[in-house]
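Structure file target21.cif; described as mmCIF, C-alpha atoms.
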data_run
loop_
_atom_site.label_atom_id
_atom_site.label_comp_id
_atom_site.auth_asym_id
_atom_site.auth_seq_id
_atom_site.Cartn_x
_atom_site.Cartn_y
_atom_site.Cartn_z
CA MET A 14 -2.43 -9.26 -9.41
CA ASN A 15 -1.67 -5.61 -8.57
CA ALA A 16 -4.78 -4.52 -10.43
CA ALA A 17 -6.97 -7.04 -8.61
CA SER A 18 -10.09 -5.64 -6.98
CA ASP A 19 -10.49 -5.86 -3.22
CA ALA A 20 -13.06 -8.63 -3.70
CA ASP A 21 -10.57 -10.63 -5.78
CA LEU A 22 -7.86 -10.17 -3.14
CA VAL A 23 -10.20 -11.24 -0.34
CA ALA A 24 -11.20 -14.35 -2.28
CA LEU A 25 -7.55 -15.27 -2.87
CA CYS A 26 -6.61 -14.59 0.77
CA ARG A 27 -9.33 -16.98 1.88
CA THR A 28 -7.66 -19.74 -0.14
CA GLY A 29 -4.41 -19.11 1.75
CA ASP A 30 -2.69 -17.20 -1.05
CA GLU A 31 0.10 -15.39 0.79
CA ARG A 32 0.96 -13.16 -2.18
CA ALA A 33 -2.61 -11.86 -2.16
CA TRP A 34 -2.29 -11.19 1.58
CA SER A 35 0.94 -9.24 0.98
CA LEU A 36 -0.80 -7.13 -1.66
CA LEU A 37 -3.72 -6.50 0.66
CA VAL A 38 -1.31 -5.32 3.36
CA GLU A 39 0.56 -3.10 0.87
CA ARG A 40 -2.70 -1.63 -0.41
CA TYR A 41 -4.00 -0.74 3.05
CA ALA A 42 -0.84 -0.12 5.14
CA ARG A 43 -0.83 3.66 4.54
CA TYR A 44 -4.57 3.87 5.19
CA VAL A 45 -4.45 1.96 8.47
CA HIS A 46 -1.35 3.87 9.58
CA ALA A 47 -3.08 7.19 8.87
CA ILE A 48 -6.23 6.23 10.80
CA VAL A 49 -4.22 5.06 13.81
CA VAL A 50 -1.58 7.79 13.88
CA ARG A 51 -3.16 10.84 12.26
CA VAL A 52 -6.89 10.52 12.96
CA TYR A 53 -6.89 8.89 16.41
CA ARG A 54 -3.40 10.04 17.37
CA VAL A 55 -2.46 6.81 19.09
CA PRO A 56 0.83 7.56 20.91
CA PRO A 57 4.00 6.38 19.10
CA ALA A 58 4.72 3.80 21.80
CA ASP A 59 1.44 1.98 21.03
CA ALA A 60 1.00 2.74 17.34
CA GLU A 61 2.85 -0.27 15.95
CA ASP A 62 0.96 -2.70 18.20
CA VAL A 63 -2.34 -1.18 17.08
CA PHE A 64 -1.26 -1.33 13.42
CA GLN A 65 -0.39 -5.04 13.80
CA GLU A 66 -3.60 -5.74 15.72
CA VAL A 67 -5.67 -4.28 12.89
CA PHE A 68 -4.08 -6.58 10.31
CA ALA A 69 -4.22 -9.55 12.70
CA ARG A 70 -7.98 -9.04 13.15
CA VAL A 71 -8.47 -8.63 9.41
CA PHE A 72 -6.49 -11.83 8.77
CA GLU A 73 -8.38 -13.81 11.42
CA ARG A 74 -11.85 -12.54 10.54
CA LEU A 75 -11.72 -12.41 6.76
CA ASP A 76 -14.24 -15.24 6.62
CA SER A 77 -16.76 -13.14 8.50
CA LEU A 78 -16.79 -10.38 5.88
CA ARG A 79 -20.09 -10.87 4.06
CA ASN A 80 -19.58 -8.35 1.28
CA ASP A 81 -16.09 -8.69 -0.19
CA ASP A 82 -16.47 -5.31 -1.89
CA ALA A 83 -16.77 -3.68 1.54
CA LEU A 84 -13.18 -4.44 2.53
CA ARG A 85 -12.17 -0.79 2.80
CA PRO A 86 -14.92 0.31 5.23
CA TRP A 87 -14.44 -2.91 7.18
CA ILE A 88 -10.71 -2.21 7.57
CA ALA A 89 -11.47 1.39 8.54
CA GLN A 90 -13.94 0.18 11.15
CA THR A 91 -11.41 -2.32 12.50
CA ALA A 92 -8.71 0.37 12.67
CA ARG A 93 -11.08 2.68 14.52
CA ARG A 94 -12.01 -0.03 17.04
CA CYS A 95 -8.38 -1.01 17.64
CA SER A 96 -7.35 2.64 18.07
CA ILE A 97 -10.15 3.32 20.53
CA ASP A 98 -9.39 0.11 22.46
CA SER A 99 -5.76 1.17 22.74
CA LEU A 100 -6.62 4.70 23.85
CA ARG A 101 -9.06 3.27 26.39
CA ARG A 102 -6.39 0.94 27.79
CA SER A 103 -3.98 3.85 28.13
CA GLY A 104 -6.57 5.87 30.04
CA ARG A 105 -7.54 8.31 27.30
CA GLU A 106 -11.20 7.41 27.54
CA ILE A 107 -12.37 10.81 26.38
CA VAL A 108 -12.05 9.51 22.84
CA VAL A 109 -14.51 6.70 23.45
CA SER A 110 -17.42 8.91 24.34
CA ASP A 111 -16.27 11.97 22.46
CA PRO A 112 -14.34 11.12 19.27
CA PRO A 113 -11.68 13.63 18.20
CA GLU A 114 -13.16 16.54 16.30
CA GLY A 115 -13.33 16.07 12.57
CA VAL A 116 -12.91 12.27 12.56
CA ASP A 117 -15.56 11.74 9.89
CA GLU A 118 -14.08 14.43 7.67
CA SER A 119 -10.58 13.02 8.19
CA LEU A 120 -11.73 9.50 7.30
CA ALA A 121 -13.52 10.77 4.19
CA GLN A 122 -10.33 12.52 3.12
CA LEU A 123 -8.33 9.34 3.72
CA ASP A 124 -10.76 7.42 1.52
CA GLU A 125 -10.21 9.93 -1.25
CA ALA A 126 -6.45 9.86 -0.66
CA LEU A 127 -6.43 6.07 -0.92
CA SER A 128 -8.24 6.23 -4.24
CA MET A 129 -5.61 8.74 -5.40
CA ARG A 130 -2.89 6.29 -4.28
CA ASP A 131 -4.60 3.52 -6.26
CA ALA A 132 -4.57 5.75 -9.32
CA LEU A 133 -0.89 6.57 -8.76
CA ASP A 134 -0.07 2.85 -8.52
CA ASP A 135 -1.58 2.31 -11.95
CA LEU A 136 0.76 4.80 -13.64
CA SER A 137 4.11 3.87 -15.20
CA PRO A 138 7.08 3.56 -12.80
CA GLU A 139 8.53 6.77 -14.28
CA CYS A 140 5.36 8.73 -13.58
CA ARG A 141 4.99 7.23 -10.10
CA GLU A 142 8.52 8.20 -9.20
CA ILE A 143 8.44 11.75 -10.48
CA LEU A 144 5.03 12.51 -8.92
CA ASP A 145 6.08 10.92 -5.64
CA ARG A 146 9.27 12.99 -5.58
CA PHE A 147 7.49 16.23 -6.45
CA PHE A 148 4.26 15.97 -4.47
CA CYS A 149 5.08 13.61 -1.57
CA ARG A 150 8.76 14.29 -0.94
CA ASP A 151 8.46 17.94 -1.91
CA GLU A 152 11.63 17.83 -4.04
CA SER A 153 12.46 20.75 -6.34
CA TYR A 154 12.78 20.50 -10.14
CA ARG A 155 16.53 20.90 -9.66
CA THR A 156 16.80 18.02 -7.16
CA ILE A 157 14.62 15.74 -9.25
CA GLY A 158 16.55 16.65 -12.39
CA SER A 159 19.83 15.95 -10.66
CA GLU A 160 18.67 12.60 -9.25
CA LEU A 161 17.06 11.40 -12.48
CA GLU A 162 19.60 13.07 -14.78
CA LEU A 163 16.99 15.14 -16.57
CA PRO A 164 16.99 18.85 -17.57
CA ALA A 165 14.67 20.98 -15.42
CA GLY A 166 12.40 21.69 -18.41
CA THR A 167 11.94 17.97 -19.00
CA VAL A 168 11.13 17.47 -15.31
CA ALA A 169 8.42 20.13 -15.51
CA SER A 170 6.86 18.75 -18.68
CA ARG A 171 6.99 15.17 -17.37
CA ILE A 172 5.28 16.19 -14.13
CA ALA A 173 2.56 17.95 -16.13
CA ARG A 174 2.07 14.92 -18.39
CA CYS A 175 2.01 12.46 -15.49
CA LEU A 176 -0.35 14.68 -13.50
CA GLY A 177 -2.71 14.69 -16.48
CA ARG A 178 -2.64 10.89 -16.55
CA LEU A 179 -3.20 10.71 -12.80
CA LYS A 180 -6.27 12.93 -13.08
CA GLU A 181 -7.62 10.74 -15.92
CA THR A 182 -7.09 7.58 -13.85
CA PHE A 183 -8.36 8.95 -10.57
CA GLU A 184 -11.86 7.85 -9.61
CA PRO A 185 -12.83 8.07 -5.95
CA GLY A 186 -13.64 4.66 -4.50
CA ARG A 187 -12.07 2.60 -7.29
CA LYS A 188 -10.59 -0.88 -6.69
CA SER A 189 -12.65 -1.13 -3.57
CA ALA A 190 -16.04 -0.47 -2.11
CA SER A 191 -18.25 2.34 -3.18
CA ALA A 192 -19.33 2.59 0.45
CA THR A 193 -17.55 5.13 2.58
CA SER A 194 -15.63 4.22 5.70
CA GLY A 195 -18.47 5.52 7.79
CA GLY A 196 -20.93 3.09 6.23
CA LYS A 197 -22.46 0.11 7.95
CA VAL A 198 -20.48 -3.06 7.42
CA ASP A 199 -21.81 -6.60 7.58
CA GLU A 200 -19.58 -9.02 9.44
CA MET K 265 -9.12 28.33 -3.81
CA THR K 266 -7.18 25.08 -4.08
CA THR K 267 -5.67 24.30 -7.47
CA PRO K 268 -5.91 20.74 -8.84
CA GLU K 269 -2.16 20.37 -8.28
CA GLU K 270 -2.48 21.43 -4.65
CA ARG K 271 -5.38 19.02 -4.19
CA VAL K 272 -3.31 16.14 -5.62
CA ALA K 273 -0.41 17.05 -3.35
CA GLU K 274 -2.71 17.26 -0.33
CA LEU K 275 -4.20 13.83 -1.03
CA LEU K 276 -0.86 12.17 -1.71
CA ARG K 277 0.63 13.65 1.46
CA ALA K 278 -2.36 12.49 3.52
CA LEU K 279 -1.07 8.93 3.44
CA PRO K 280 2.60 8.86 4.43
CA ALA K 281 4.26 5.45 4.37
CA PRO K 282 4.41 3.57 7.67
CA PRO K 283 7.80 2.20 8.74
CA VAL K 284 8.90 -0.62 6.43
CA GLY K 285 9.28 -3.02 9.37
CA TRP K 286 5.62 -2.62 10.32
CA VAL K 287 4.47 -3.52 6.82
CA GLU K 288 6.82 -6.49 6.54
CA ALA K 289 5.65 -7.84 9.92
CA ALA K 290 2.01 -7.57 8.80
CA LYS K 291 2.82 -9.39 5.56
CA GLU K 292 4.38 -12.23 7.55
CA LEU K 293 1.21 -12.84 9.56
CA PRO K 294 0.21 -16.06 7.72
CA ALA K 295 3.64 -17.64 8.33
CA ALA K 296 3.72 -16.37 11.91
CA ARG K 297 0.26 -17.83 12.58
CA ARG K 298 1.38 -21.20 11.20
CA GLY K 299 4.33 -21.12 13.61
CA LEU K 300 2.00 -20.34 16.52
CA ALA K 301 -0.36 -23.15 15.50
CA THR K 302 2.57 -25.56 15.68
CA LEU K 303 3.49 -24.21 19.12
CA VAL K 304 -0.12 -24.64 20.32
CA GLU K 305 -0.05 -28.28 19.18
CA ARG K 306 3.20 -28.85 21.09
CA ILE K 307 1.79 -27.19 24.21
CA GLU K 308 -1.31 -29.38 24.04
CA GLN K 309 0.77 -32.54 23.79
CA ASP K 310 3.53 -31.68 26.26
CA ASP K 311 2.67 -31.30 29.98
CA GLU K 312 5.93 -29.55 30.84
CA LEU K 313 5.48 -27.04 28.00
CA ARG K 314 1.89 -26.45 29.08
CA GLU K 315 2.99 -25.67 32.65
CA ARG K 316 5.55 -23.22 31.33
CA ALA K 317 2.87 -21.58 29.17
CA ILE K 318 0.54 -21.23 32.15
CA ALA K 319 3.32 -19.89 34.40
CA ASP K 320 4.75 -17.34 31.98
CA LEU K 321 3.52 -17.33 28.41
CA GLU K 322 5.69 -14.38 27.38
CA ALA K 323 8.86 -16.08 28.65
CA LEU K 324 7.94 -19.26 26.79
CA LEU K 325 7.42 -17.31 23.57
CA GLU K 326 10.78 -15.62 23.94
CA ALA K 327 12.43 -18.99 24.58
CA GLU K 328 10.80 -20.25 21.36
CA GLY K 329 12.17 -17.29 19.42
CA VAL K 330 8.80 -15.54 19.07
CA GLU K 331 8.51 -11.88 20.02
CA PRO K 332 5.71 -11.70 22.63
CA THR K 333 3.87 -8.70 21.21
CA PRO K 334 0.42 -8.00 22.70
CA THR K 335 -1.19 -9.25 19.49
CA VAL K 336 0.73 -12.54 19.55
CA VAL K 337 0.12 -13.12 23.27
CA ALA K 338 -3.61 -12.37 22.95
CA HIS K 339 -3.91 -14.67 19.94
CA LEU K 340 -2.11 -17.50 21.71
CA ARG K 341 -4.18 -17.09 24.88
CA ARG K 342 -7.37 -17.32 22.80
CA ARG K 343 -6.08 -20.45 21.08
CA LEU K 344 -5.03 -22.09 24.35
CA VAL K 345 -8.29 -21.27 26.11
CA GLY K 346 -10.35 -22.32 23.11
#
Conversion result in structure tokens:
Amino acid sequence: MNAASDADLVALCRTGDERAWSLLVERYARYVHAIVVRVYRVPPADAEDVFQEVFARVFERLDSLRNDDALRPWIAQTARRCSIDSLRRSGREIVVSDPPEGVDESLAQLDEALSMRDALDDLSPECREILDRFFCRDESYRTIGSELELPAGTVASRIARCLGRLKETFEPGRKSASATSGGKVDE
Amino acid sequence: MTTPEERVAELLRALPAPPVGWVEAAKELPAARRGLATLVERIEQDDELRERAIADLEALLEAEGVEPTPTVVAHLRRRLVG
């Protein structure tokens, strides 16, 4: 089910399939978190409530999504609305009439980053781990080699091989909508 | 000029993982909503429970072992009003 498209996941969620819902949450948790915390900069004290509100709205309103392939822009739109509502409640209304600079660019980058994550998820566990350690956790060859019991030269060649596979797999917008998060969404 | 490796790193770092507890709570939404639906049924059938809900919904939720987060309280209010 991991390779299921967004449309497939939505269809399964509508039947009450809780495993599909868990996968949907896993697929979009980083994306929603980034929109709330990094793009709209919702204060830490409110960020978890906003994060939960986004998924609660998605769960409750899944039936109103007309185009199942548009899940990603719909979730982005929901995260934006929830973030703005929270900022408005906390008195930071400037965001409502004047969104933070670079929001559209940030959201476009998050879309691309999510597609990269999808590609990473499709690699072997060995490739996922070594690329995650090197690129996300910023670990050195020596640290990775020590943790995985590999010589430094093997670490370097494995990273190069896995990076090559990641580039082959990476297609912006895959697994989900071709529309961008800024696109119009039917509800 | 950004190298392909730097671009990959930039994109992977753009989406740090949220706290595990947040993700787990979101995954449990279907079960949590079932629990709230049961509570709504009990409130509708029990006058004393209904009065407690009207007086202090958050206290009632806590007494029922449900954390009264804003999302849960708002959902329950909508259900009770509806």
Show which residues sit within 12 Å of Ala295 (chain K), as a PDB file with C-alpha atoms, in the coordinates of the input. Count only C-alpha atoms, and ignore same-chain residues fewer than 3 positions away.
ATOM      1  CA  GLY A  29      -4.410 -19.110   1.750  1.00  0.00           C
ATOM      2  CA  ASP A  30      -2.690 -17.200  -1.050  1.00  0.00           C
ATOM      3  CA  GLU A  31       0.100 -15.390   0.790  1.00  0.00           C
ATOM      4  CA  ARG A  32       0.960 -13.160  -2.180  1.00  0.00           C
ATOM      5  CA  TRP A  34      -2.290 -11.190   1.580  1.00  0.00           C
ATOM      6  CA  SER A  35       0.940  -9.240   0.980  1.00  0.00           C
ATOM      7  CA  PHE A  72      -6.490 -11.830   8.770  1.00  0.00           C
TER       8      PHE A  72
ATOM      9  CA  GLU K 288       6.820  -6.490   6.540  1.00  0.00           C
ATOM     10  CA  ALA K 289       5.650  -7.840   9.920  1.00  0.00           C
ATOM     11  CA  ALA K 290       2.010  -7.570   8.800  1.00  0.00           C
ATOM     12  CA  LYS K 291       2.820  -9.390   5.560  1.00  0.00           C
ATOM     13  CA  GLU K 292       4.380 -12.230   7.550  1.00  0.00           C
ATOM     14  CA  ARG K 298       1.380 -21.200  11.200  1.00  0.00           C
ATOM     15  CA  GLY K 299       4.330 -21.120  13.610  1.00  0.00           C
ATOM     16  CA  LEU K 300       2.000 -20.340  16.520  1.00  0.00           C
ATOM     17  CA  ALA K 301      -0.360 -23.150  15.500  1.00  0.00           C
ATOM     18  CA  THR K 302       2.570 -25.560  15.680  1.00  0.00           C
TER      19      THR K 302
END
Q: Name every residue that the PyMOL selection byres ((chain A) within 6 of (chain K)) selects in this structure, writing the answer as a VMD selection string with chains first and numbers rising.
A: chain A and resid 35 43 66 126 148 to 149
Q | Selection dump of the PyMOL selection byres ((chain K and resi 313-315) around 12), as a ChimeraX atom specification | A | /K:303-312,316-321,323-325,327-328,341,344-345
Q) What does the PyMOL selection byres ((chain A and resi 67) around 8) select in this file, as a list in words? A)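 Written out, the selection comes to Val45, Val63, Phe64, Gln65, Glu66, Phe68, Ala69, Arg70, Val71, Ile88, Thr91, Ala92 and Cys95 of chain A.
You will find CA of Val23 (chain A) at 9.0 Å from CA of Asp76 (chain A).
Atom to atom, CA of Arg27 (chain A) and CA of Leu75 (chain A) stand 7.1 Å apart.
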Around all the atoms of region 297-309 of chain K listed in the file, draw an axis-aligned box and extend it by 4 Å on each of the six sides; I want its centre and edge lengths in Å to one decimal, as JSON.
{"center_x": 1.5, "center_y": -25.2, "center_z": 17.7, "size_x": 13.6, "size_y": 22.7, "size_z": 21.0}
Q) CA of Ala42 (chain A) and CA of Asp98 (chain A) are how many Å apart? A) 19.3 Å
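Using only C-alpha atoms, the nearest neighbour of Ser153 (chain A) within the list A:Asp59, A:Ala165, A:Arg171, A:Arg54 is A:Ala165.
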